[in-house]
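Engineer: Supplied in structure tokens, the structure appears directly below.
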Amino acid sequence: MNAIEVSGLVKRFGDKTVVDHVSMSVAEGEISGFLGPNGSGKTTTIRVMCGLLTPDEGEGRVLDHDIRSEGLRIKREVGYMTQKFSFYEDLSIEENLTFVARLYDLDPVSVRDTLEDLGPTSRRKQLAGTLSGGWKQRLALAACIMHRPKLLLLDEPTAGVDPKARREFWDEIHMRASAGLTVLVSTHYMDEAERCHRIHYISYGKLLASGSVAEVIRDAALTTFVMEGDDITRAAKLLQGRNGVDQVAPFGLTLHVVGRDGVALEAAVADVAAETGVAYKQGSTSLEDVFIQFMGQSTDNMA
Amino acid sequence: MSAMFSFRRLMAIISKESIQMRRDRITFAMVLGVPLIQLVLFGFAINNDPKGLPAALVTTSQDHYTRAMVSAIENTGYYRFDHVVASAAVAERLIQSGAVSFVVTVPSDFARRVQRGDHPQILIEADATDPSVASGAISTLGTVAAQALLRGQSAEALAAEQSTAALEVVVHRLYNPEGITQYNIVPGLLGVILQLTMVMMTSMALTRETERGTMENLLAMPASPLEIMLGKVLPFLVIGGVQVVAVLTAAKFLLNVPFVGSLTLLLVSIFIFVLALVLLGYAFSTPARTQIQAMQLTFFFFLPSLLLTGFMFPYRGMPDWAQVLGEIFPLTHFLRIIRAVMLKGADLQGVATPLAALMIFVAVFTLLALMRFPRTLD
Ligand SMILES: Nc1ncnc2c1ncn2[C@@H]1O[C@H](COP(=O)(O)OP(=O)(O)OP(=O)(O)O)[C@@H](O)[C@H]1O
Ligand SMILES: [Mg+2]
């Protein structure tokens with residue numbers, strides 16, 4: 001049984017289709033990354049999955065409960081961490097946790113344990129509104145796993161969090177996944193996508209790719225060349241707009257040139273290399289290259 | 001643990017709401033401050049029994065009955081005859097423009113009628129647009145006038161008894177036929193205060209969740225609409241209770257408003273009224289996206305209710321269509337109950353109809369609130 005199994009989900013706001021026939025599945029115990037540009041429909045899809053929005057079309061089962069009719073059961077077994085911090089800023093850490101614990105009918109002990117896990121007890125009386133971004137994120141995560149959900153839906157949980165806190169966060173997620181927790185996490189960070197077992201890429205409401213990182217890169221069928229030399233700035237200018245060249249991106253002292261048509265791309269790169277005297281060799285395509293490629297192909301999402 | 005209702009979840013929401021209410025200093029201060037300030041303001045108005053009010057005397061004769069009459073009226077301290085005019089038309093202009101609050105007309109045949117023992121009359125016209133101004137002055141008049149005549153007649157000692165008994169002081173309250181007294185205001189004020197604070201507080205409490213984005217989280221957790229509604233509404237019942245005690249105590253001991261009816265009946269009615277109000281506030285909050293919108297909705301409802309419920313203007317003085325419109329306000333029915341119980345000592349039977357109306361409001365608002373409650377973010 002898959003923890004998430006949805007097919008043909010459609011969600012419209014007015015005449016705008018925000019989620020457009022999305023079908024995806026997430027296996028139990030898997031960490032799935034959910035990627036896509038701003039406004040592509042990630043948050044909306046997640047809300048449909050946990051019963052907060054009713055889909056206009058399509059079916060879905062989450063933890064074997066129907067997303068249309070069994071919203072209450074889903075709520076009890078899923079932990080949902082919203083994109084925007086949505087605990088009570090005028091309540092303290094402890095009061096927020098107590099509130100959540102009582103709503104889920106948990107033993108008061110679980111609040112104490114969670115507070116201990118969170119660290120310094122001096123903070124427990126601090127109002128949530130005065131916490132730093134990192135602390136808010138820790139509180140939100142702690143609050144939504146307190147009732148031991150089987151599935152975690154995390155919507156950009158690490159936005160605005162420093163690298164160390166992010167590392168700790170991901171270590172914790174992996175630890176819990178190995179204990180059987182299923183996680184669907186949306187993110188804009190490539191390094192986080194690479195820490196997922198599988199990723200799903202959505203753009204303009206349409207699911208464009210699903211699979212492991214390697215599969216997604218392979219399926220994108222892109223060719224990448226890395227150019228190195230003194231004159232890469234001029235090389236970049238010359239490559240711009242050439243046949244077969246889809247992306248030109250400087251990375252430090254090197255230049256990444258990416259395209260779908262390998263033959264045309266190599267011709268263009270060889271041409272420019274001869275003219276400017278920079279060296280080039282075939283490189284490996286990164287996940288970021290693939291995503292930039294996806295974004296370039298789809299129409300504007302931000303409207 | 002039932003899926004639809006759990007007492008523990010309800011308690012969780014109630015205690016969360018109570019903490020938030022305590023921390024929200026401004027709102028909290030307003031809930032307790034508004035009734036107290038209102039009461040103090042109205043209290044001063046009521047204690048202030050105005051004297052020396054400008055009056056016009058319409059008289060054509062200068063006989064000694066008339067003079068005795070006029071000086072007796074002046075001696076009450078309520079009237080100050082700034083104008084002595086000969087024609088009723090002039091006097092009417094004076095009262096219309098507000099230059100005087102009273103017009104006392106002593107007919108030209110007054111002395112003759114007194115002597116003949118033939119129903120002497122004086123006419124007092126009062127500008128009753130502000131009833132609290134007029135009532136004290138008018139209420140003293142009957143006795144004063146009668147005594148004045150008695151004294152005037154003792155010299156003659158002629159048929160004194162009959163003629164004074166027959167003296168008729170005709171009072172016309174202009175512009176405000178019901179002549180609401182200030183005692184009407186305080187019970188009404190309780191209704192108005194409760195209406196303003198309860199509806200506004202509840203509607204804002206729920207909208208706050210939408211506005212701050214905490215609604216998404218709340219809906220994602222297993223709390224049912226019924227639990228959320230009760231959890232939000234019950235703390236406000238307590239606040240309403242505090243207001244009721246404050247206003248009723250002040251009404252009795254500070255302002256000496258008479259209380260002749262059953263306190264139990266009154267408290268039960270207040271409870272039902274407050275319940276209707278918080279549910280209404282809750283229903284208001286469902287279409288509002290921001291707290292400002294919720295507040296605007298409240299005022300949109302509040303202002304006409306002041307005019308149409310009989311709080312400011314007598315209900316039966318309104319045109320028929322306005323009376324029909326007035327029935328849709330819970331305040332209208334509550335005012336009927338509280339005035340009847342506090343001032344006239346009405347029993348349950350006497351207030352059965354408005355009480356039933358309030359219960360209908362409770363039922364309708366509950367349904368409305370539960371139906372309109374957002375189960376999802378759609
Ligand atoms: N309640 C709503 N009413 C109307 N439009 C909405 C609503 N919620 C979202 N949208 C629109 O749907 C689109 C997708 O929004 P969504 O929040 O799902 O994107 P996202 O992928 O989560 O973006 P981001 O990465 O910025 O969080 C956006 O264009 C947004 O404006
Ligand atoms: Mg989002």
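Going by the structure tokens order, chains are called A, B, ..., each with residues numbered from 1, while ligands are numbered from 1 in the order shown.
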Taking only C-alpha atoms into account and nothing else, which residues of chain A lie no more than 6 Å away from chain B? Please answer as a tab-separated table (two decimals) with all heavy atoms, in the first residue's frame.

Structural biologist:
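selection_18.tsv written:
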```tsv
chain	number	residue	atom	x	y	z
A	52	LEU	N	-7.76	19.57	3.24
A	52	LEU	CA	-8.06	20.97	3.51
A	52	LEU	C	-8.72	21.65	2.32
A	52	LEU	O	-9.33	22.70	2.47
A	52	LEU	CB	-6.78	21.73	3.86
A	52	LEU	CG	-6.29	21.56	5.30
A	52	LEU	CD1	-5.01	22.33	5.51
A	52	LEU	CD2	-7.35	22.02	6.27
A	53	LEU	N	-8.53	21.07	1.14
A	53	LEU	CA	-9.21	21.59	-0.05
A	53	LEU	C	-9.87	20.40	-0.73
A	53	LEU	O	-9.34	19.29	-0.72
A	53	LEU	CB	-8.21	22.24	-1.01
A	53	LEU	CG	-7.60	23.59	-0.61
A	53	LEU	CD1	-6.54	23.99	-1.62
A	53	LEU	CD2	-8.67	24.66	-0.52
A	75	LYS	N	-6.82	13.69	8.96
A	75	LYS	CA	-6.27	14.70	9.87
A	75	LYS	C	-5.63	14.06	11.10
A	75	LYS	O	-4.64	14.56	11.62
A	75	LYS	CB	-7.39	15.64	10.34
A	75	LYS	CG	-7.78	16.66	9.29
A	75	LYS	CD	-8.94	17.50	9.77
A	75	LYS	CE	-9.52	18.33	8.63
A	75	LYS	NZ	-10.68	19.10	9.05
A	76	ARG	N	-6.22	12.98	11.57
A	76	ARG	CA	-5.70	12.40	12.80
A	76	ARG	C	-4.40	11.64	12.59
A	76	ARG	O	-3.60	11.50	13.50
A	76	ARG	CB	-6.75	11.51	13.44
A	76	ARG	CG	-6.85	11.82	14.91
A	76	ARG	CD	-7.98	11.12	15.59
A	76	ARG	NE	-9.20	11.89	15.50
A	76	ARG	CZ	-10.37	11.35	15.19
A	76	ARG	NH1	-10.47	10.07	14.90
A	76	ARG	NH2	-11.44	12.10	15.16
A	86	SER	N	2.08	28.74	11.38
A	86	SER	CA	0.67	28.96	11.70
A	86	SER	C	0.30	28.42	13.07
A	86	SER	O	-0.81	27.95	13.29
A	86	SER	CB	-0.23	28.37	10.62
A	86	SER	OG	0.04	27.01	10.47
A	87	PHE	N	1.26	28.54	14.00
A	87	PHE	CA	0.88	28.32	15.38
A	87	PHE	C	0.58	29.69	15.98
A	87	PHE	O	0.72	30.71	15.31
A	87	PHE	CB	1.97	27.55	16.13
A	87	PHE	CG	1.95	26.10	15.75
A	87	PHE	CD1	2.69	25.65	14.66
A	87	PHE	CD2	1.12	25.23	16.40
A	87	PHE	CE1	2.61	24.33	14.26
A	87	PHE	CE2	1.04	23.90	15.99
A	87	PHE	CZ	1.79	23.46	14.93
A	99	PHE	N	-1.85	22.83	23.63
A	99	PHE	CA	-3.06	22.95	22.84
A	99	PHE	C	-3.14	21.81	21.82
A	99	PHE	O	-4.15	21.11	21.70
A	99	PHE	CB	-3.09	24.30	22.14
A	99	PHE	CG	-4.26	24.51	21.22
A	99	PHE	CD1	-5.56	24.43	21.69
A	99	PHE	CD2	-4.05	24.77	19.86
A	99	PHE	CE1	-6.64	24.62	20.84
A	99	PHE	CE2	-5.13	24.96	19.01
A	99	PHE	CZ	-6.42	24.88	19.50
A	102	ARG	N	-3.74	18.37	23.41
A	102	ARG	CA	-5.10	18.14	23.88
A	102	ARG	C	-6.05	17.93	22.71
A	102	ARG	O	-7.01	17.16	22.81
A	102	ARG	CB	-5.56	19.30	24.76
A	102	ARG	CG	-4.79	19.33	26.08
A	102	ARG	CD	-5.01	20.61	26.82
A	102	ARG	NE	-6.26	20.59	27.58
A	102	ARG	CZ	-6.70	21.64	28.28
A	102	ARG	NH1	-5.99	22.75	28.30
A	102	ARG	NH2	-7.82	21.57	28.94
A	103	LEU	N	-5.80	18.60	21.60
A	103	LEU	CA	-6.66	18.39	20.43
A	103	LEU	C	-6.53	16.96	19.91
A	103	LEU	O	-7.48	16.39	19.40
A	103	LEU	CB	-6.31	19.37	19.31
A	103	LEU	CG	-6.90	20.76	19.38
A	103	LEU	CD1	-6.69	21.48	18.07
A	103	LEU	CD2	-8.39	20.71	19.70
```

Engineer: Residues near B:Leu267, anyone? I mean within 10 Å using only C-alpha atoms, not counting same-chain ones fewer than 5 positions away, as a PyMOL selection string.

Structural biologist: chain B and resi 241+244-245+262+272-273+338

Engineer: Let's have the selection written as a PDB file, in the first residue's frame, with N, CA, C and O atoms.

Structural biologist:
```pdb
ATOM      1  N   GLY B 241     -21.192  37.723  31.201  1.00  0.00           N
ATOM      2  CA  GLY B 241     -21.692  37.633  32.563  1.00  0.00           C
ATOM      3  C   GLY B 241     -21.110  38.721  33.449  1.00  0.00           C
ATOM      4  O   GLY B 241     -21.822  39.355  34.236  1.00  0.00           O
ATOM      5  N   VAL B 244     -22.773  41.937  32.684  1.00  0.00           N
ATOM      6  CA  VAL B 244     -24.142  41.995  33.209  1.00  0.00           C
ATOM      7  C   VAL B 244     -24.124  42.357  34.689  1.00  0.00           C
ATOM      8  O   VAL B 244     -24.847  43.247  35.134  1.00  0.00           O
ATOM      9  N   VAL B 245     -23.260  41.684  35.434  1.00  0.00           N
ATOM     10  CA  VAL B 245     -23.186  41.957  36.868  1.00  0.00           C
ATOM     11  C   VAL B 245     -22.797  43.414  37.106  1.00  0.00           C
ATOM     12  O   VAL B 245     -23.403  44.117  37.924  1.00  0.00           O
ATOM     13  N   SER B 262     -38.519  39.720  38.543  1.00  0.00           N
ATOM     14  CA  SER B 262     -37.759  38.575  39.034  1.00  0.00           C
ATOM     15  C   SER B 262     -36.351  38.593  38.449  1.00  0.00           C
ATOM     16  O   SER B 262     -36.158  38.631  37.240  1.00  0.00           O
ATOM     17  N   ILE B 272     -29.953  33.884  27.347  1.00  0.00           N
ATOM     18  CA  ILE B 272     -30.397  33.516  25.996  1.00  0.00           C
ATOM     19  C   ILE B 272     -30.026  34.614  24.999  1.00  0.00           C
ATOM     20  O   ILE B 272     -29.567  34.337  23.884  1.00  0.00           O
ATOM     21  N   PHE B 273     -30.168  35.841  25.439  1.00  0.00           N
ATOM     22  CA  PHE B 273     -29.815  36.974  24.575  1.00  0.00           C
ATOM     23  C   PHE B 273     -28.324  36.952  24.218  1.00  0.00           C
ATOM     24  O   PHE B 273     -27.944  37.058  23.050  1.00  0.00           O
ATOM     25  N   ILE B 338     -36.380  43.093  29.083  1.00  0.00           N
ATOM     26  CA  ILE B 338     -35.709  43.686  30.239  1.00  0.00           C
ATOM     27  C   ILE B 338     -36.516  44.862  30.783  1.00  0.00           C
ATOM     28  O   ILE B 338     -36.606  45.059  31.998  1.00  0.00           O
TER      29      ILE B 338
END
```

Engineer: For each of B:Asn256, B:Gln291, B:Gln296, B:Thr210, take the minimum atom-to-atom distance to ligand 1, counting only C-alpha atoms and all ligand atoms, then give the residue where this is smallest.

Structural biologist: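 Using only C-alpha atoms and all ligand atoms, the shortest distance to ligand 1 belongs to B:Thr210.
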
Engineer: Using only C-alpha atoms and all ligand atoms, determine which residues fall within 8 Å of ligand 2, then list them as a PDB file with N, CA, C and O atoms, in the first residue's frame.

Structural biologist:
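Result written to selection.pdb:
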```
ATOM      1  N   ASN A  38       7.807  28.920  -7.901  1.00  0.00           N
ATOM      2  CA  ASN A  38       6.777  29.616  -7.122  1.00  0.00           C
ATOM      3  C   ASN A  38       5.457  29.604  -7.861  1.00  0.00           C
ATOM      4  O   ASN A  38       5.411  29.823  -9.068  1.00  0.00           O
ATOM      5  N   GLY A  39       4.388  29.320  -7.133  1.00  0.00           N
ATOM      6  CA  GLY A  39       3.057  29.378  -7.727  1.00  0.00           C
ATOM      7  C   GLY A  39       2.735  28.204  -8.622  1.00  0.00           C
ATOM      8  O   GLY A  39       1.763  28.232  -9.373  1.00  0.00           O
ATOM      9  N   GLY A  41       1.818  25.245  -7.669  1.00  0.00           N
ATOM     10  CA  GLY A  41       0.713  24.435  -7.155  1.00  0.00           C
ATOM     11  C   GLY A  41       1.110  23.410  -6.104  1.00  0.00           C
ATOM     12  O   GLY A  41       0.325  22.523  -5.775  1.00  0.00           O
ATOM     13  N   LYS A  42       2.307  23.544  -5.543  1.00  0.00           N
ATOM     14  CA  LYS A  42       2.742  22.572  -4.524  1.00  0.00           C
ATOM     15  C   LYS A  42       1.868  22.640  -3.276  1.00  0.00           C
ATOM     16  O   LYS A  42       1.323  21.629  -2.834  1.00  0.00           O
ATOM     17  N   THR A  43       1.735  23.855  -2.744  1.00  0.00           N
ATOM     18  CA  THR A  43       0.942  24.006  -1.522  1.00  0.00           C
ATOM     19  C   THR A  43      -0.491  23.542  -1.752  1.00  0.00           C
ATOM     20  O   THR A  43      -1.069  22.822  -0.925  1.00  0.00           O
ATOM     21  N   THR A  44      -1.036  23.910  -2.903  1.00  0.00           N
ATOM     22  CA  THR A  44      -2.416  23.525  -3.193  1.00  0.00           C
ATOM     23  C   THR A  44      -2.551  22.008  -3.242  1.00  0.00           C
ATOM     24  O   THR A  44      -3.498  21.432  -2.686  1.00  0.00           O
ATOM     25  N   GLN A  83       3.328  26.066   5.178  1.00  0.00           N
ATOM     26  CA  GLN A  83       4.437  26.854   4.632  1.00  0.00           C
ATOM     27  C   GLN A  83       4.699  28.079   5.505  1.00  0.00           C
ATOM     28  O   GLN A  83       5.819  28.378   5.862  1.00  0.00           O
ATOM     29  N   ASP A 155       5.564  21.573   4.099  1.00  0.00           N
ATOM     30  CA  ASP A 155       5.541  22.550   3.010  1.00  0.00           C
ATOM     31  C   ASP A 155       6.654  23.577   3.218  1.00  0.00           C
ATOM     32  O   ASP A 155       6.536  24.452   4.073  1.00  0.00           O
ATOM     33  N   GLU A 156       7.690  23.435   2.452  1.00  0.00           N
ATOM     34  CA  GLU A 156       8.882  24.296   2.564  1.00  0.00           C
ATOM     35  C   GLU A 156       9.307  24.492   4.015  1.00  0.00           C
ATOM     36  O   GLU A 156       9.384  25.619   4.508  1.00  0.00           O
ATOM     37  N   SER A 186       8.036  19.668   0.393  1.00  0.00           N
ATOM     38  CA  SER A 186       8.254  20.564  -0.739  1.00  0.00           C
ATOM     39  C   SER A 186       9.458  21.450  -0.430  1.00  0.00           C
ATOM     40  O   SER A 186       9.707  21.786   0.731  1.00  0.00           O
TER      41      SER A 186
END
```

Engineer: Please extract the residues at most 12 Å from ligand 1, counting only C-alpha atoms and all ligand atoms, and provide them as a VMD selection string, using the chain letters and residue numbers of this document.

Structural biologist: (chain A and resid 10 to 20 34 to 48 52 to 54 82 to 84 154 to 157 159 185 to 189 201 to 207 300 to 303) or (chain B and resid 210 216 289 376 to 378)

Engineer: Please produce a file of the residues just selected, as a PDB file, in the first residue's frame, where the atoms kept are C-alpha atoms.

Structural biologist:
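File written: selection_33.pdb
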```
ATOM      1  CA  VAL A  10      -7.635  18.988 -10.533  1.00  0.00           C
ATOM      2  CA  LYS A  11      -8.084  22.114  -8.442  1.00  0.00           C
ATOM      3  CA  ARG A  12      -9.346  25.356  -9.886  1.00  0.00           C
ATOM      4  CA  PHE A  13      -9.626  28.791  -8.306  1.00  0.00           C
ATOM      5  CA  GLY A  14     -12.113  30.690 -10.415  1.00  0.00           C
ATOM      6  CA  ASP A  15     -11.172  29.931 -13.994  1.00  0.00           C
ATOM      7  CA  LYS A  16      -7.540  29.317 -13.130  1.00  0.00           C
ATOM      8  CA  THR A  17      -6.425  25.708 -13.011  1.00  0.00           C
ATOM      9  CA  VAL A  18      -3.857  25.548 -10.252  1.00  0.00           C
ATOM     10  CA  VAL A  19      -3.510  21.775 -10.053  1.00  0.00           C
ATOM     11  CA  ASP A  20      -3.894  20.151 -13.449  1.00  0.00           C
ATOM     12  CA  PHE A  34       8.077  18.019  -4.102  1.00  0.00           C
ATOM     13  CA  LEU A  35       9.641  20.627  -6.325  1.00  0.00           C
ATOM     14  CA  GLY A  36       8.507  23.345  -8.636  1.00  0.00           C
ATOM     15  CA  PRO A  37       8.751  27.074  -9.152  1.00  0.00           C
ATOM     16  CA  ASN A  38       6.777  29.616  -7.122  1.00  0.00           C
ATOM     17  CA  GLY A  39       3.057  29.378  -7.727  1.00  0.00           C
ATOM     18  CA  SER A  40       3.286  26.003  -9.442  1.00  0.00           C
ATOM     19  CA  GLY A  41       0.713  24.435  -7.155  1.00  0.00           C
ATOM     20  CA  LYS A  42       2.742  22.572  -4.524  1.00  0.00           C
ATOM     21  CA  THR A  43       0.942  24.006  -1.522  1.00  0.00           C
ATOM     22  CA  THR A  44      -2.416  23.525  -3.193  1.00  0.00           C
ATOM     23  CA  THR A  45      -1.669  19.877  -3.984  1.00  0.00           C
ATOM     24  CA  ILE A  46      -0.573  19.223  -0.408  1.00  0.00           C
ATOM     25  CA  ARG A  47      -3.734  20.876   0.948  1.00  0.00           C
ATOM     26  CA  VAL A  48      -5.863  18.659  -1.274  1.00  0.00           C
ATOM     27  CA  LEU A  52      -8.061  20.971   3.512  1.00  0.00           C
ATOM     28  CA  LEU A  53      -9.210  21.586  -0.050  1.00  0.00           C
ATOM     29  CA  THR A  54     -11.707  19.585  -2.037  1.00  0.00           C
ATOM     30  CA  THR A  82       2.229  24.688   6.801  1.00  0.00           C
ATOM     31  CA  GLN A  83       4.437  26.854   4.632  1.00  0.00           C
ATOM     32  CA  LYS A  84       3.696  29.929   6.724  1.00  0.00           C
ATOM     33  CA  LEU A 154       5.982  19.394   5.043  1.00  0.00           C
ATOM     34  CA  ASP A 155       5.541  22.550   3.010  1.00  0.00           C
ATOM     35  CA  GLU A 156       8.882  24.296   2.564  1.00  0.00           C
ATOM     36  CA  PRO A 157       9.896  23.494   6.108  1.00  0.00           C
ATOM     37  CA  ALA A 159      12.741  28.207   4.116  1.00  0.00           C
ATOM     38  CA  VAL A 185       8.380  17.599   1.597  1.00  0.00           C
ATOM     39  CA  SER A 186       8.254  20.564  -0.739  1.00  0.00           C
ATOM     40  CA  THR A 187      11.422  22.568  -1.219  1.00  0.00           C
ATOM     41  CA  HIS A 188      13.253  24.928  -3.519  1.00  0.00           C
ATOM     42  CA  TYR A 189      16.716  23.694  -2.491  1.00  0.00           C
ATOM     43  CA  TYR A 201       8.542  18.101 -10.200  1.00  0.00           C
ATOM     44  CA  ILE A 202       5.440  20.206 -10.798  1.00  0.00           C
ATOM     45  CA  SER A 203       5.163  23.232 -13.006  1.00  0.00           C
ATOM     46  CA  TYR A 204       2.124  25.289 -13.851  1.00  0.00           C
ATOM     47  CA  GLY A 205       0.009  22.729 -12.059  1.00  0.00           C
ATOM     48  CA  LYS A 206       1.263  19.850 -14.179  1.00  0.00           C
ATOM     49  CA  LEU A 207       3.459  17.077 -12.859  1.00  0.00           C
ATOM     50  CA  ASP A 300       4.886  31.840 -16.344  1.00  0.00           C
ATOM     51  CA  ASN A 301       3.594  30.515 -13.038  1.00  0.00           C
ATOM     52  CA  MET A 302       3.672  33.620 -10.981  1.00  0.00           C
ATOM     53  CA  ALA A 303       0.539  35.323 -12.199  1.00  0.00           C
TER      54      ALA A 303
ATOM     55  CA  THR B 210      -8.154  33.386   9.227  1.00  0.00           C
ATOM     56  CA  GLU B 216      -5.096  26.386   8.174  1.00  0.00           C
ATOM     57  CA  ARG B 289     -11.474  37.632   5.817  1.00  0.00           C
ATOM     58  CA  THR B 376     -11.894  23.380   4.370  1.00  0.00           C
ATOM     59  CA  LEU B 377      -9.962  26.323   3.022  1.00  0.00           C
ATOM     60  CA  ASP B 378     -12.056  26.456  -0.180  1.00  0.00           C
TER      61      ASP B 378
END
```

Engineer: Mind checking DSSP for stretch 174-267 of chain B and telling me the helix (DSSP H, G or I) residues as a ChimeraX atom specification?

Structural biologist: /B:182-212,214-220,225-254,263-267

Engineer: At a cut-off of 9 Å, using only C-alpha atoms, what residues contact stretch 264-266 of chain A? Leave out same-chain residues fewer than 6 positions from it and give the result as a VMD selection string.

Structural biologist: chain A and resid 223 to 225 242 to 246 257 to 258 282

Engineer: Create the file for the chosen residues now, containing C-alpha atoms and written as a PDB file, in the first residue's frame.

Structural biologist:
```
ATOM      1  CA  THR A 223      23.783  17.017 -22.570  1.00  0.00           C
ATOM      2  CA  THR A 224      26.148  19.156 -20.554  1.00  0.00           C
ATOM      3  CA  PHE A 225      29.549  20.581 -21.395  1.00  0.00           C
ATOM      4  CA  ARG A 242      23.338  29.611 -30.585  1.00  0.00           C
ATOM      5  CA  ASN A 243      21.554  26.623 -32.063  1.00  0.00           C
ATOM      6  CA  GLY A 244      21.409  23.726 -29.572  1.00  0.00           C
ATOM      7  CA  VAL A 245      22.351  25.869 -26.548  1.00  0.00           C
ATOM      8  CA  ASP A 246      19.559  26.013 -23.964  1.00  0.00           C
ATOM      9  CA  VAL A 257      26.451  24.715 -21.138  1.00  0.00           C
ATOM     10  CA  VAL A 258      23.312  22.583 -21.353  1.00  0.00           C
ATOM     11  CA  GLN A 282      31.580  16.672 -21.424  1.00  0.00           C
TER      12      GLN A 282
END
```

Engineer: Find the residues near A:Arg124: any atom within 9 Å, counting only C-alpha atoms, skip ones fewer than 2 places away on the same chain, and give them as a compact mmCIF listing (two decimals) with N, CA, C and O atoms, in the first residue's frame.

Structural biologist:
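Wrote out_18.txt, looks like this:
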```txt
# COMPACT_ATOMS: atom_id res chain seq x y z
N SER A 92 2.80 30.76 24.29
CA SER A 92 4.19 30.32 24.46
C SER A 92 4.38 28.97 23.78
O SER A 92 3.42 28.32 23.37
N ILE A 93 5.64 28.55 23.67
CA ILE A 93 5.94 27.24 23.10
C ILE A 93 5.15 26.17 23.82
O ILE A 93 4.47 25.34 23.20
N GLU A 94 5.22 26.22 25.13
CA GLU A 94 4.56 25.19 25.92
C GLU A 94 3.04 25.21 25.71
O GLU A 94 2.40 24.17 25.56
N GLU A 95 2.46 26.42 25.68
CA GLU A 95 1.01 26.52 25.51
C GLU A 95 0.57 26.01 24.14
O GLU A 95 -0.46 25.36 24.00
N LEU A 115 9.07 18.97 24.80
CA LEU A 115 9.80 20.15 25.29
C LEU A 115 11.25 19.79 25.59
O LEU A 115 12.17 20.55 25.29
N PRO A 120 16.66 23.69 25.57
CA PRO A 120 16.66 24.51 26.78
C PRO A 120 15.24 24.80 27.30
O PRO A 120 14.39 25.31 26.58
N THR A 121 14.99 24.42 28.53
CA THR A 121 13.66 24.60 29.10
C THR A 121 13.36 26.07 29.35
O THR A 121 12.21 26.44 29.56
N SER A 122 14.40 26.91 29.29
CA SER A 122 14.18 28.33 29.56
C SER A 122 13.27 28.95 28.51
O SER A 122 12.63 29.96 28.74
N GLN A 126 8.53 31.24 26.37
CA GLN A 126 8.66 32.34 25.40
C GLN A 126 7.50 32.30 24.40
O GLN A 126 7.11 31.24 23.92
N LEU A 127 6.97 33.47 24.09
CA LEU A 127 5.87 33.53 23.13
C LEU A 127 6.38 33.13 21.74
O LEU A 127 7.45 33.57 21.32
```

Engineer: Can you pull out every residue within 7 Å of B:Asp63, counting only C-alpha atoms, but drop anything in the same chain fewer than 3 positions away, and send it as number ranges by chain?

Structural biologist: B: 66-67, 111

Engineer: How would the residues just chosen look if you wrote them out with N, CA and C atoms as a short mmCIF file (atom, residue, chain, number, x, y, z; two decimals), in the first residue's frame?

Structural biologist:
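Resulting contents of selection.cif:
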```
data_model
loop_
_atom_site.label_atom_id
_atom_site.label_comp_id
_atom_site.auth_asym_id
_atom_site.auth_seq_id
_atom_site.Cartn_x
_atom_site.Cartn_y
_atom_site.Cartn_z
N THR B 66 -53.76 83.98 37.71
CA THR B 66 -52.71 83.68 36.74
C THR B 66 -51.34 83.96 37.35
N ARG B 67 -51.24 85.12 38.03
CA ARG B 67 -49.94 85.45 38.61
C ARG B 67 -49.54 84.43 39.68
N ALA B 111 -59.12 82.78 34.92
CA ALA B 111 -59.60 83.31 36.20
C ALA B 111 -61.11 83.15 36.32
#
```

Engineer: Env of A:Gly58: 6 Å cut, atoms = only C-alpha atoms, seq-sep filter 4 positions within chain, self excluded. Answer as a list in words.

Structural biologist: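 Final neighbour list, sorted by chain and number: Ser7, Gly8 and Leu9 of chain A.
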